[in-house]
file target_23.txt (compact mmCIF, C-alpha atoms and all ligand atoms)
# COMPACT_ATOMS: atom_id res chain seq x y z
CA MET A 1186 101.01 78.76 99.77
CA ALA A 1187 103.05 79.48 102.93
CA THR A 1188 101.79 81.92 105.58
CA LEU A 1189 103.58 84.76 107.34
CA TYR A 1190 102.15 85.65 110.76
CA GLY A 1191 102.65 89.08 112.26
CA VAL A 1192 101.34 92.63 112.16
CA ASN A 1193 102.71 94.76 109.32
CA ALA A 1194 104.21 97.58 111.44
CA SER A 1195 106.73 95.26 113.11
CA PRO A 1196 110.28 95.86 111.80
CA PHE A 1197 110.85 92.10 112.01
CA VAL A 1198 107.73 91.18 110.04
CA ARG A 1199 108.68 93.84 107.47
CA LYS A 1200 112.18 92.34 107.10
CA VAL A 1201 110.63 89.04 106.04
CA ARG A 1202 108.07 90.69 103.76
CA VAL A 1203 110.82 92.65 101.97
CA VAL A 1204 112.88 89.48 101.47
CA LEU A 1205 109.79 87.70 100.11
CA ALA A 1206 109.15 90.60 97.72
CA GLU A 1207 112.78 90.76 96.57
CA LYS A 1208 112.67 87.03 95.85
CA GLY A 1209 109.21 87.22 94.25
CA VAL A 1210 107.70 84.64 96.60
CA PRO A 1211 103.90 84.78 97.04
CA TYR A 1212 102.54 84.18 100.55
CA ASP A 1213 99.47 84.54 102.71
CA HIS A 1214 99.67 87.11 105.49
CA GLU A 1215 97.95 86.79 108.90
CA PRO A 1216 98.42 90.05 110.85
CA VAL A 1217 98.83 88.44 114.30
CA MET A 1218 99.58 90.86 117.14
CA PRO A 1219 102.75 90.45 119.27
CA GLY A 1220 102.25 88.37 122.40
CA ASN A 1221 99.43 86.29 120.90
CA PRO A 1222 98.51 83.75 123.64
CA ASP A 1223 96.73 81.32 121.29
CA PRO A 1224 98.24 77.84 121.97
CA GLU A 1225 98.37 77.04 118.27
CA TYR A 1226 100.35 80.23 117.63
CA ARG A 1227 102.64 79.44 120.60
CA ARG A 1228 103.51 76.11 119.00
CA MET A 1229 104.99 78.06 116.07
CA SER A 1230 106.35 80.90 118.18
CA PRO A 1231 106.90 79.75 121.79
CA LEU A 1232 107.83 83.27 122.94
CA GLY A 1233 104.68 84.71 121.36
CA LYS A 1234 106.73 87.04 119.17
CA VAL A 1235 106.07 87.99 115.57
CA PRO A 1236 106.90 86.97 112.90
CA ALA A 1237 106.22 83.26 112.53
CA TRP A 1238 106.19 81.26 109.32
CA ARG A 1239 104.19 78.19 108.33
CA ASP A 1240 104.96 76.19 105.22
CA GLY A 1241 102.70 73.10 105.23
CA ASP A 1242 103.56 71.15 108.36
CA ARG A 1243 106.77 73.14 108.90
CA ALA A 1244 106.39 76.11 111.24
CA PHE A 1245 108.86 78.26 113.17
CA SER A 1246 109.52 81.81 114.28
CA ASP A 1247 112.13 84.59 114.27
CA SER A 1248 112.73 86.93 111.35
CA SER A 1249 116.43 86.07 111.05
CA VAL A 1250 115.67 82.35 110.99
CA ILE A 1251 112.85 82.81 108.47
CA CYS A 1252 115.03 84.93 106.16
CA GLN A 1253 117.83 82.33 106.17
CA TYR A 1254 115.27 79.58 105.52
CA LEU A 1255 113.86 81.56 102.59
CA GLU A 1256 117.36 81.97 101.17
CA ARG A 1257 117.77 78.15 101.16
CA VAL A 1258 114.36 77.51 99.63
CA HIS A 1259 114.48 80.41 97.14
CA PRO A 1260 118.18 81.09 96.51
CA GLU A 1261 117.69 83.73 93.79
CA PRO A 1262 118.27 86.59 94.05
CA ALA A 1263 120.68 85.94 96.91
CA ILE A 1264 120.39 88.34 99.81
CA TYR A 1265 123.30 86.81 101.75
CA PRO A 1266 126.82 87.32 100.35
CA SER A 1267 128.78 84.18 99.43
CA ASP A 1268 132.12 85.60 100.55
CA PRO A 1269 132.62 84.53 104.20
CA TYR A 1270 133.72 87.96 105.45
CA GLU A 1271 130.92 89.77 103.63
CA PHE A 1272 128.48 87.17 104.99
CA ALA A 1273 129.68 87.91 108.52
CA ARG A 1274 129.42 91.67 107.93
CA ALA A 1275 125.86 91.30 106.59
CA LEU A 1276 124.81 89.26 109.63
CA TRP A 1277 126.45 91.83 111.89
CA PHE A 1278 124.43 94.72 110.41
CA GLU A 1279 121.26 92.64 110.64
CA GLU A 1280 122.02 92.01 114.31
CA TYR A 1281 122.87 95.70 114.85
CA ALA A 1282 119.55 96.73 113.29
CA ASP A 1283 117.51 94.16 115.22
CA THR A 1284 119.01 95.21 118.55
CA ALA A 1285 120.76 98.61 118.67
CA LEU A 1286 118.40 100.33 116.24
CA VAL A 1287 115.08 98.65 117.06
CA GLU A 1288 115.47 99.01 120.84
CA VAL A 1289 115.66 102.80 120.45
CA PHE A 1290 113.50 103.44 117.37
CA GLY A 1291 110.69 101.15 118.56
CA PRO A 1292 109.82 101.46 122.26
CA LYS A 1293 111.31 104.94 122.75
CA ILE A 1294 110.02 106.75 119.64
CA PHE A 1295 107.65 104.81 117.35
CA PHE A 1296 105.62 103.13 120.05
CA PRO A 1297 104.77 106.22 122.16
CA ARG A 1298 104.38 108.58 119.19
CA VAL A 1299 102.37 106.31 116.89
CA VAL A 1300 101.04 103.13 118.53
CA GLY A 1301 100.29 104.55 121.99
CA LYS A 1302 98.57 107.57 120.55
CA ARG A 1303 96.51 105.80 117.90
CA PHE A 1304 95.62 102.53 119.60
CA MET A 1305 95.63 103.49 123.30
CA GLY A 1306 94.67 107.16 123.18
CA LYS A 1307 97.80 107.98 125.18
CA GLU A 1308 99.61 111.28 124.63
CA PRO A 1309 103.34 110.75 124.03
CA ASP A 1310 105.92 112.14 126.44
CA GLU A 1311 107.59 114.46 123.92
CA THR A 1312 110.26 115.52 126.41
CA ALA A 1313 111.45 111.92 126.74
CA ILE A 1314 111.19 111.38 122.97
CA GLY A 1315 113.15 114.59 122.28
CA LYS A 1316 115.90 113.45 124.67
CA THR A 1317 116.13 110.08 122.90
CA ILE A 1318 116.31 111.81 119.50
CA ALA A 1319 119.02 114.20 120.72
CA GLU A 1320 121.14 111.68 122.63
CA GLU A 1321 120.60 108.16 121.28
CA LEU A 1322 120.10 108.65 117.56
CA PRO A 1323 123.29 110.61 116.68
CA PRO A 1324 125.80 107.90 117.69
CA ARG A 1325 123.83 105.32 115.72
CA PHE A 1326 123.51 107.59 112.69
CA ASP A 1327 127.24 108.49 112.89
CA TYR A 1328 128.15 104.81 112.87
CA LEU A 1329 126.01 104.01 109.83
CA GLU A 1330 127.17 107.15 107.99
CA GLU A 1331 130.76 106.08 108.51
CA GLN A 1332 130.09 102.45 107.52
CA LEU A 1333 128.29 103.52 104.35
CA SER A 1334 130.97 106.04 103.31
CA GLY A 1335 128.58 107.34 100.66
CA ARG A 1336 127.97 103.88 99.13
CA PRO A 1337 124.43 102.67 98.31
CA HIS A 1338 124.80 99.39 100.25
CA LEU A 1339 126.29 98.43 103.59
CA VAL A 1340 128.00 95.28 102.31
CA GLY A 1341 129.32 94.77 98.79
CA ASP A 1342 127.62 96.38 95.83
CA ARG A 1343 124.10 95.01 96.02
CA LEU A 1344 121.19 94.54 98.39
CA THR A 1345 121.84 92.16 101.30
CA ILE A 1346 120.06 91.27 104.50
CA ALA A 1347 122.11 94.09 106.09
CA ASP A 1348 120.25 96.71 104.04
CA VAL A 1349 116.88 94.99 104.47
CA ALA A 1350 117.19 94.95 108.27
CA VAL A 1351 118.63 98.46 108.65
CA ALA A 1352 116.19 100.08 106.22
CA SER A 1353 113.31 98.20 107.86
CA ALA A 1354 114.16 99.64 111.27
CA PHE A 1355 114.21 103.14 109.72
CA VAL A 1356 110.63 102.70 108.48
CA ASN A 1357 109.37 102.75 112.07
CA LEU A 1358 111.35 105.92 112.69
CA ALA A 1359 109.87 107.51 109.55
CA HIS A 1360 106.35 106.55 110.71
CA ALA A 1361 107.13 108.58 113.83
CA GLY A 1362 108.18 111.56 111.67
CA VAL A 1363 111.93 111.19 112.25
CA ARG A 1364 114.52 110.90 109.48
CA PRO A 1365 118.31 111.41 109.43
CA GLU A 1366 118.97 115.04 108.50
CA GLY A 1367 120.62 115.27 105.09
CA ALA A 1368 122.86 118.16 106.18
CA ARG A 1369 124.45 116.12 108.99
CA TRP A 1370 124.19 112.54 107.65
CA PRO A 1371 124.03 112.91 103.84
CA GLY A 1372 124.98 109.33 103.00
CA LEU A 1373 122.58 107.79 105.50
CA ALA A 1374 119.70 110.12 104.56
CA LYS A 1375 120.08 109.18 100.88
CA TYR A 1376 120.50 105.49 101.72
CA VAL A 1377 117.30 105.37 103.79
CA ALA A 1378 115.25 107.30 101.23
CA THR A 1379 116.52 105.16 98.33
CA HIS A 1380 115.77 101.87 100.09
CA HIS A 1381 112.31 103.00 101.13
CA GLU A 1382 111.57 103.73 97.46
CA ARG A 1383 112.41 100.16 96.37
CA PRO A 1384 109.43 98.21 94.99
CA SER A 1385 109.90 95.75 97.89
CA PHE A 1386 109.53 98.48 100.55
CA ALA A 1387 107.31 101.21 99.08
CA PRO A 1388 103.95 99.36 98.93
CA LEU A 1389 104.47 98.00 102.46
CA ILE A 1390 105.11 101.50 103.79
CA VAL A 1391 101.90 102.77 102.18
CA GLU A 1392 99.93 99.79 103.59
CA GLU A 1393 101.35 100.46 107.08
CA GLN A 1394 100.57 104.17 106.88
CA GLY A 1395 96.94 103.20 106.26
CA PHE A 1396 96.92 100.75 109.17
CA LEU A 1397 98.55 103.28 111.50
CA GLY A 1398 96.27 106.14 110.43
CA LEU A 1399 99.20 108.13 109.03
CA ALA A 1400 98.03 108.33 105.42
N1 LIG A 1501 114.32 88.17 117.29
C1 LIG A 1501 112.91 88.25 116.92
C2 LIG A 1501 112.32 89.49 117.56
C3 LIG A 1501 110.82 89.59 117.26
C4 LIG A 1501 110.13 90.59 118.16
O1 LIG A 1501 110.68 91.03 119.20
N2 LIG A 1501 108.92 90.98 117.75
C5 LIG A 1501 108.15 91.87 118.58
C6 LIG A 1501 107.23 92.76 117.73
S1 LIG A 1501 108.12 93.98 116.82
C7 LIG A 1501 107.24 91.03 119.46
O2 LIG A 1501 106.61 90.10 118.98
N3 LIG A 1501 107.16 91.38 120.75
C8 LIG A 1501 106.28 90.71 121.66
C9 LIG A 1501 106.98 90.20 122.86
O3 LIG A 1501 108.21 90.42 123.01
O4 LIG A 1501 106.30 89.59 123.69
C10 LIG A 1501 112.77 88.26 115.40
O5 LIG A 1501 113.72 88.69 114.72
O6 LIG A 1501 111.74 87.84 114.88
call {"tool": "encode", "arguments": {"input": "target_23.txt", "output": "structure tokens"}}
result
Amino acid sequence: MATLYGVNASPFVRKVRVVLAEKGVPYDHEPVMPGNPDPEYRRMSPLGKVPAWRDGDRAFSDSSVICQYLERVHPEPAIYPSDPYEFARALWFEEYADTALVEVFGPKIFFPRVVGKRFMGKEPDETAIGKTIAEELPPRFDYLEEQLSGRPHLVGDRLTIADVAVASAFVNLAHAGVRPEGARWPGLAKYVATHHERPSFAPLIVEEQGFLGLA
């Protein structure tokens, strides 16, 4: 059985776990922490980042690479559209989630409010977090609300890597107690809640809540 390396609360590790669940692929899970200096780990992930993936003597890192590899090895159900334009759009939303969403949701909100507090005993700077929530979340939420236009998926009419990546980023925000307000972003609020209820997401969220002491 192949092994996924990386701690469960990472949005990138979660992306891969959701894809594995959607495709029904069993795997072993080693909850390696980011920045692991172990030379053997660095051979799989030279930058020390999580996730990494080992399948026999084949090992490599990066959630986007792993998800595309999984699509080739386990094509059904497809999570990448076959239409070239829809494929490009799905990759774009994955990229948007992995950069524009994660860089704000992670280090500016989730990390200080949840990780710093629980694992380092550090009180979060709520003034800075409140400023981020007030200034940096609305343009991102507005963009996604407009792109969704009330539809259940970002690209086409079924789950793609776009939804997996975007909904995964929103899990970290939810762990920090922040969700898009339904009154202002009704489509996005429903989209996030619906994806987090999927059988591929829900058990992971419960597992993470236990790990993070949020249960
Ligand atoms: N592009 C990478 C990003 C992975 C990443 O940044 N993971 C974080 C944890 S959420 C990490 O390992 N950070 C440690 C570091 O940057 O040294 C992917 O999609 O896998």
call {"tool": "closest_atom_pairs", "arguments": {"input": "target_23.txt", "of": "chain A", "to": "ligand LIG 1501 (chain A)", "cutoff": "10 Å", "atoms": "only C-alpha atoms and all ligand atoms", "output": "Markdown table"}}
result
| residue | atom | partner | partner_atom | distance |
| --- | --- | --- | --- | --- |
| A:Gly1191 | CA | A:LIG1501 | O2 | 7.9 |
| A:Val1192 | CA | A:LIG1501 | C6 | 8.1 |
| A:Asn1193 | CA | A:LIG1501 | S1 | 9.3 |
| A:Ala1194 | CA | A:LIG1501 | S1 | 7.6 |
| A:Ser1195 | CA | A:LIG1501 | S1 | 4.2 |
| A:Pro1196 | CA | A:LIG1501 | S1 | 5.8 |
| A:Phe1197 | CA | A:LIG1501 | O6 | 5.2 |
| A:Val1198 | CA | A:LIG1501 | O6 | 7.1 |
| A:Arg1199 | CA | A:LIG1501 | S1 | 9.4 |
| A:Lys1200 | CA | A:LIG1501 | O5 | 8.6 |
| A:Val1201 | CA | A:LIG1501 | O6 | 9.0 |
| A:Val1217 | CA | A:LIG1501 | O2 | 9.2 |
| A:Met1218 | CA | A:LIG1501 | O2 | 7.3 |
| A:Pro1219 | CA | A:LIG1501 | O2 | 3.9 |
| A:Gly1220 | CA | A:LIG1501 | O4 | 4.4 |
| A:Asn1221 | CA | A:LIG1501 | O4 | 8.1 |
| A:Pro1222 | CA | A:LIG1501 | O4 | 9.7 |
| A:Ser1230 | CA | A:LIG1501 | O2 | 9.2 |
| A:Leu1232 | CA | A:LIG1501 | O4 | 6.5 |
| A:Gly1233 | CA | A:LIG1501 | O4 | 5.6 |
| A:Lys1234 | CA | A:LIG1501 | O2 | 3.1 |
| A:Val1235 | CA | A:LIG1501 | O2 | 4.0 |
| A:Pro1236 | CA | A:LIG1501 | O6 | 5.3 |
| A:Ala1237 | CA | A:LIG1501 | O6 | 7.5 |
| A:Ser1246 | CA | A:LIG1501 | O6 | 6.5 |
| A:Asp1247 | CA | A:LIG1501 | O6 | 3.3 |
| A:Ser1248 | CA | A:LIG1501 | O6 | 3.8 |
| A:Ser1249 | CA | A:LIG1501 | O5 | 5.3 |
| A:Val1250 | CA | A:LIG1501 | O5 | 7.6 |
| A:Ile1251 | CA | A:LIG1501 | O6 | 8.2 |
| A:Cys1252 | CA | A:LIG1501 | O5 | 9.4 |
| A:Glu1279 | CA | A:LIG1501 | O5 | 9.4 |
| A:Glu1280 | CA | A:LIG1501 | O5 | 8.9 |
| A:Asp1283 | CA | A:LIG1501 | O5 | 6.7 |
| A:Thr1284 | CA | A:LIG1501 | N1 | 8.6 |
| A:Val1287 | CA | A:LIG1501 | S1 | 8.4 |
| A:Glu1288 | CA | A:LIG1501 | O1 | 9.5 |
| A:Gly1291 | CA | A:LIG1501 | S1 | 7.8 |
| A:Pro1292 | CA | A:LIG1501 | S1 | 9.4 |
| A:Ala1350 | CA | A:LIG1501 | O5 | 9.6 |
| A:Ala1354 | CA | A:LIG1501 | S1 | 10.0 |
call {"tool": "residues_around", "arguments": {"input": "target_23.txt", "residues": "Val1391 (chain A)", "least_positions_apart": "2", "cutoff": "12 Å", "atoms": "all atoms listed in the file", "output": "NGL selection string"}}
result
:A and (1193-1194 or 1356 or 1359-1360 or 1381-1382 or 1384-1389 or 1393-1400)
call {"tool": "atom_distance", "arguments": {"input": "target_23.txt", "atom1": "CA of Ser1353 (chain A)", "atom2": "CA of Glu1207 (chain A)"}}
result
13.5 Å
call {"tool": "closest_residue", "arguments": {"input": "target_23.txt", "among": "A:Val1363, A:Leu1255, A:Leu1333, A:Ala1275", "to": "Ala1319 (chain A)", "atoms": "only C-alpha atoms"}}
result
A:Val1363
call {"tool": "atom_distance", "arguments": {"input": "target_23.txt", "atom1": "CA of Val1351 (chain A)", "atom2": "CA of Arg1383 (chain A)"}}
result
13.9 Å
call {"tool": "residues_near_point", "arguments": {"input": "target_23.txt", "point": "(105.2, 79.3, 108.8)", "cutoff": "9 Å", "atoms": "only C-alpha atoms", "output": "list of chain:residue names"}}
result
A:Ala1187, A:Thr1188, A:Leu1189, A:Tyr1190, A:Met1229, A:Pro1236, A:Ala1237, A:Trp1238, A:Arg1239, A:Asp1240, A:Gly1241, A:Asp1242, A:Arg1243, A:Ala1244, A:Phe1245, A:Ser1246, A:Ile1251
call {"tool": "residues_near_point", "arguments": {"input": "target_23.txt", "point": "(123.8, 112.3, 100.7)", "cutoff": "12 Å", "atoms": "only C-alpha atoms", "output": "PyMOL selection string"}}
result
chain A and resi 1330+1333-1337+1365-1379
